[in-house]
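J.: Supplied structure: run.pdb, PDB, C-alpha atoms.
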```
ATOM      1  CA  MET A  15      -9.213 -42.358  23.164  1.00  0.00           C
ATOM      2  CA  SER A  16      -7.915 -40.075  25.888  1.00  0.00           C
ATOM      3  CA  GLY A  17      -9.954 -39.128  28.942  1.00  0.00           C
ATOM      4  CA  ASN A  18     -10.293 -35.480  27.894  1.00  0.00           C
ATOM      5  CA  ASN A  19     -11.608 -36.421  24.457  1.00  0.00           C
ATOM      6  CA  ARG A  20     -14.152 -38.797  25.969  1.00  0.00           C
ATOM      7  CA  LYS A  21     -15.286 -36.129  28.404  1.00  0.00           C
ATOM      8  CA  SER A  22     -15.584 -33.564  25.618  1.00  0.00           C
ATOM      9  CA  THR A  23     -17.598 -35.903  23.420  1.00  0.00           C
ATOM     10  CA  LEU A  24     -19.852 -36.885  26.320  1.00  0.00           C
ATOM     11  CA  ALA A  25     -20.340 -33.242  27.305  1.00  0.00           C
ATOM     12  CA  LEU A  26     -21.219 -32.390  23.705  1.00  0.00           C
ATOM     13  CA  LEU A  27     -23.822 -35.154  23.534  1.00  0.00           C
ATOM     14  CA  ILE A  28     -25.335 -34.276  26.925  1.00  0.00           C
ATOM     15  CA  GLY A  29     -25.470 -30.582  26.024  1.00  0.00           C
ATOM     16  CA  ALA A  30     -27.122 -31.397  22.717  1.00  0.00           C
ATOM     17  CA  ALA A  31     -29.715 -33.609  24.404  1.00  0.00           C
ATOM     18  CA  ILE A  32     -30.508 -30.869  26.917  1.00  0.00           C
ATOM     19  CA  GLY A  33     -30.749 -28.322  24.102  1.00  0.00           C
ATOM     20  CA  VAL A  34     -33.124 -30.551  22.150  1.00  0.00           C
ATOM     21  CA  GLY A  35     -35.265 -31.089  25.240  1.00  0.00           C
ATOM     22  CA  ILE A  36     -35.509 -27.375  25.974  1.00  0.00           C
ATOM     23  CA  GLY A  37     -36.203 -26.673  22.316  1.00  0.00           C
ATOM     24  CA  ILE A  38     -39.126 -29.099  22.360  1.00  0.00           C
ATOM     25  CA  LEU A  39     -40.591 -27.560  25.503  1.00  0.00           C
ATOM     26  CA  PHE A  40     -40.512 -24.027  24.123  1.00  0.00           C
ATOM     27  CA  ALA A  41     -41.281 -24.812  20.481  1.00  0.00           C
ATOM     28  CA  PRO A  42     -44.118 -22.738  19.022  1.00  0.00           C
ATOM     29  CA  ASP A  43     -44.345 -25.000  15.971  1.00  0.00           C
ATOM     30  CA  LYS A  44     -46.645 -27.938  15.311  1.00  0.00           C
ATOM     31  CA  GLY A  45     -45.569 -31.336  16.604  1.00  0.00           C
ATOM     32  CA  SER A  46     -44.637 -32.683  13.166  1.00  0.00           C
ATOM     33  CA  LYS A  47     -42.479 -29.665  12.438  1.00  0.00           C
ATOM     34  CA  THR A  48     -40.832 -29.877  15.872  1.00  0.00           C
ATOM     35  CA  ARG A  49     -40.167 -33.592  15.395  1.00  0.00           C
ATOM     36  CA  GLY A  50     -38.533 -32.796  12.046  1.00  0.00           C
ATOM     37  CA  LYS A  51     -36.299 -30.197  13.675  1.00  0.00           C
ATOM     38  CA  VAL A  52     -35.398 -32.620  16.465  1.00  0.00           C
ATOM     39  CA  LYS A  53     -34.597 -35.327  13.909  1.00  0.00           C
ATOM     40  CA  ASN A  54     -32.387 -32.924  11.966  1.00  0.00           C
ATOM     41  CA  ARG A  55     -30.560 -31.867  15.139  1.00  0.00           C
ATOM     42  CA  ILE A  56     -30.063 -35.471  16.183  1.00  0.00           C
ATOM     43  CA  ASP A  57     -28.752 -36.328  12.715  1.00  0.00           C
ATOM     44  CA  ASP A  58     -26.343 -33.376  12.900  1.00  0.00           C
ATOM     45  CA  LEU A  59     -25.162 -34.491  16.331  1.00  0.00           C
ATOM     46  CA  LYS A  60     -24.679 -38.055  15.113  1.00  0.00           C
ATOM     47  CA  ASP A  61     -22.621 -36.765  12.194  1.00  0.00           C
ATOM     48  CA  GLN A  62     -20.518 -34.597  14.503  1.00  0.00           C
ATOM     49  CA  ALA A  63     -19.988 -37.470  16.935  1.00  0.00           C
ATOM     50  CA  LYS A  64     -19.083 -39.855  14.099  1.00  0.00           C
ATOM     51  CA  SER A  65     -16.662 -37.327  12.670  1.00  0.00           C
ATOM     52  CA  LYS A  66     -15.030 -36.817  16.068  1.00  0.00           C
ATOM     53  CA  LEU A  67     -14.807 -40.575  16.690  1.00  0.00           C
ATOM     54  CA  ASP A  68     -13.323 -41.169  13.230  1.00  0.00           C
ATOM     55  CA  PHE A  69     -10.736 -38.468  13.879  1.00  0.00           C
ATOM     56  CA  LEU A  70      -9.877 -39.936  17.285  1.00  0.00           C
ATOM     57  CA  ASP A  71      -9.691 -43.436  15.791  1.00  0.00           C
ATOM     58  CA  ASP A  72      -7.264 -42.268  13.106  1.00  0.00           C
ATOM     59  CA  GLU A  73      -5.233 -40.332  15.664  1.00  0.00           C
ATOM     60  CA  THR A  74      -5.062 -43.361  17.970  1.00  0.00           C
ATOM     61  CA  LYS A  75      -3.994 -45.662  15.132  1.00  0.00           C
ATOM     62  CA  GLU A  76      -1.270 -43.211  14.149  1.00  0.00           C
ATOM     63  CA  LYS A  77       0.017 -42.958  17.719  1.00  0.00           C
ATOM     64  CA  ILE A  78       0.042 -46.747  18.072  1.00  0.00           C
ATOM     65  CA  SER A  79       1.912 -47.091  14.771  1.00  0.00           C
ATOM     66  CA  ASN A  80       4.480 -44.502  15.870  1.00  0.00           C
ATOM     67  CA  ALA A  81       4.916 -46.183  19.243  1.00  0.00           C
ATOM     68  CA  LYS A  82       5.351 -49.547  17.510  1.00  0.00           C
ATOM     69  CA  ASP A  83       8.006 -48.099  15.208  1.00  0.00           C
ATOM     70  CA  ASP A  84       9.813 -46.475  18.150  1.00  0.00           C
ATOM     71  CA  LEU A  85       9.744 -49.740  20.099  1.00  0.00           C
ATOM     72  CA  LYS A  86      11.109 -51.641  17.101  1.00  0.00           C
ATOM     73  CA  VAL A  87      14.011 -49.187  16.781  1.00  0.00           C
ATOM     74  CA  LYS A  88      14.767 -49.421  20.505  1.00  0.00           C
ATOM     75  CA  VAL A  89      14.659 -53.237  20.500  1.00  0.00           C
ATOM     76  CA  GLU A  90      16.939 -53.394  17.460  1.00  0.00           C
ATOM     77  CA  SER A  91      19.337 -50.950  19.102  1.00  0.00           C
ATOM     78  CA  PHE A  92      19.289 -52.973  22.331  1.00  0.00           C
ATOM     79  CA  LEU A  93      19.966 -56.212  20.455  1.00  0.00           C
ATOM     80  CA  SER A  94      22.785 -54.575  18.518  1.00  0.00           C
ATOM     81  CA  ASP A  95      24.347 -53.246  21.727  1.00  0.00           C
ATOM     82  CA  THR A  96      23.928 -56.617  23.415  1.00  0.00           C
ATOM     83  CA  SER A  97      25.510 -58.406  20.462  1.00  0.00           C
ATOM     84  CA  TYR A  98      28.425 -55.972  20.520  1.00  0.00           C
ATOM     85  CA  LYS A  99      28.920 -56.511  24.267  1.00  0.00           C
ATOM     86  CA  ALA A 100      28.741 -60.283  23.816  1.00  0.00           C
ATOM     87  CA  GLU A 101      31.395 -60.059  21.092  1.00  0.00           C
ATOM     88  CA  GLU A 102      33.611 -58.022  23.436  1.00  0.00           C
ATOM     89  CA  ALA A 103      33.156 -60.601  26.191  1.00  0.00           C
ATOM     90  CA  ILE A 104      34.002 -63.474  23.824  1.00  0.00           C
ATOM     91  CA  ASN A 105      37.146 -61.679  22.609  1.00  0.00           C
ATOM     92  CA  PHE A 106      38.208 -60.998  26.199  1.00  0.00           C
ATOM     93  CA  LEU A 107      37.669 -64.641  27.177  1.00  0.00           C
ATOM     94  CA  GLU A 108      39.551 -65.884  24.101  1.00  0.00           C
ATOM     95  CA  GLU A 109      42.508 -63.629  25.000  1.00  0.00           C
ATOM     96  CA  LYS A 110      42.488 -64.912  28.596  1.00  0.00           C
ATOM     97  CA  LEU A 111      42.254 -68.503  27.365  1.00  0.00           C
ATOM     98  CA  ALA A 112      45.212 -67.952  25.069  1.00  0.00           C
ATOM     99  CA  GLU A 113      47.203 -66.495  28.004  1.00  0.00           C
ATOM    100  CA  LEU A 114      46.266 -69.445  30.218  1.00  0.00           C
ATOM    101  CA  LYS A 115      47.277 -71.940  27.509  1.00  0.00           C
ATOM    102  CA  LYS A 116      50.585 -70.127  27.145  1.00  0.00           C
ATOM    103  CA  GLN A 117      51.166 -70.194  30.930  1.00  0.00           C
ATOM    104  CA  ASN A 118      50.099 -73.824  31.093  1.00  0.00           C
ATOM    105  CA  SER A 119      52.490 -74.826  28.306  1.00  0.00           C
ATOM    106  CA  LYS A 120      55.349 -73.141  30.227  1.00  0.00           C
ATOM    107  CA  LEU A 121      54.421 -75.092  33.369  1.00  0.00           C
ATOM    108  CA  GLN A 122      54.204 -78.351  31.403  1.00  0.00           C
ATOM    109  CA  LYS A 123      57.880 -78.099  30.308  1.00  0.00           C
TER
END
```
Can you turn what I pasted into structure tokens?
T.:
Amino acid sequence: MSGNNRKSTLALLIGAAIGVGIGILFAPDKGSKTRGKVKNRIDDLKDQAKSKLDFLDDETKEKISNAKDDLKVKVESFLSDTSYKAEEAINFLEEKLAELKKQNSKLQK
């Protein structure tokens, strides 16, 4: 979860708690009715927070999956390039070895 999303969620929860507290202080209703309202508000806030966290969880999983796929492609590309370079080096060394054998056979005569 990114820092901004955490801050937003925390700010939402703090603001809701402050709103509930102020609502209780200025409530003209009976205590049981006020408690019911508070419970409903808390339930709504829990649902909103859960929804936001579920969304962020899904978003995070998707980003991780994409990053994993990108890394896999890059590693495969790197290995392919490395293999190609190794093949070039082997071919170069084989050519040089053949030249040296040829020169050596001339010197042996």
J.: Give me the result of the PyMOL selection byres ((chain A and resi 21-33) around 10) on this file, residue by residue, as an MDAnalysis selection string.
T.: chainID A and resid 16:20 34:39 52 55:56 59:60 62:63 66:67
J.: Quote the spacing between CA of Leu107 in chain A and CA of Val89 in chain A in Å to one decimal place.
T.: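 Atom-to-atom, CA of Leu107 in chain A to CA of Val89 in chain A, that is 26.5 Å.
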J.: What separation in Å, quoted to one decimal, exists between CA of Ser97 in chain A and CA of Ile78 in chain A?
T.: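 Here the two named atoms are 28.1 Å from each other.
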J.: Please indicate the distance in Å from CA of Gly50 in chain A to CA of Lys64 in chain A, rounded to one decimal place.
T.: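 Between CA of Gly50 in chain A and CA of Lys64 in chain A the gap works out to 20.8 Å.
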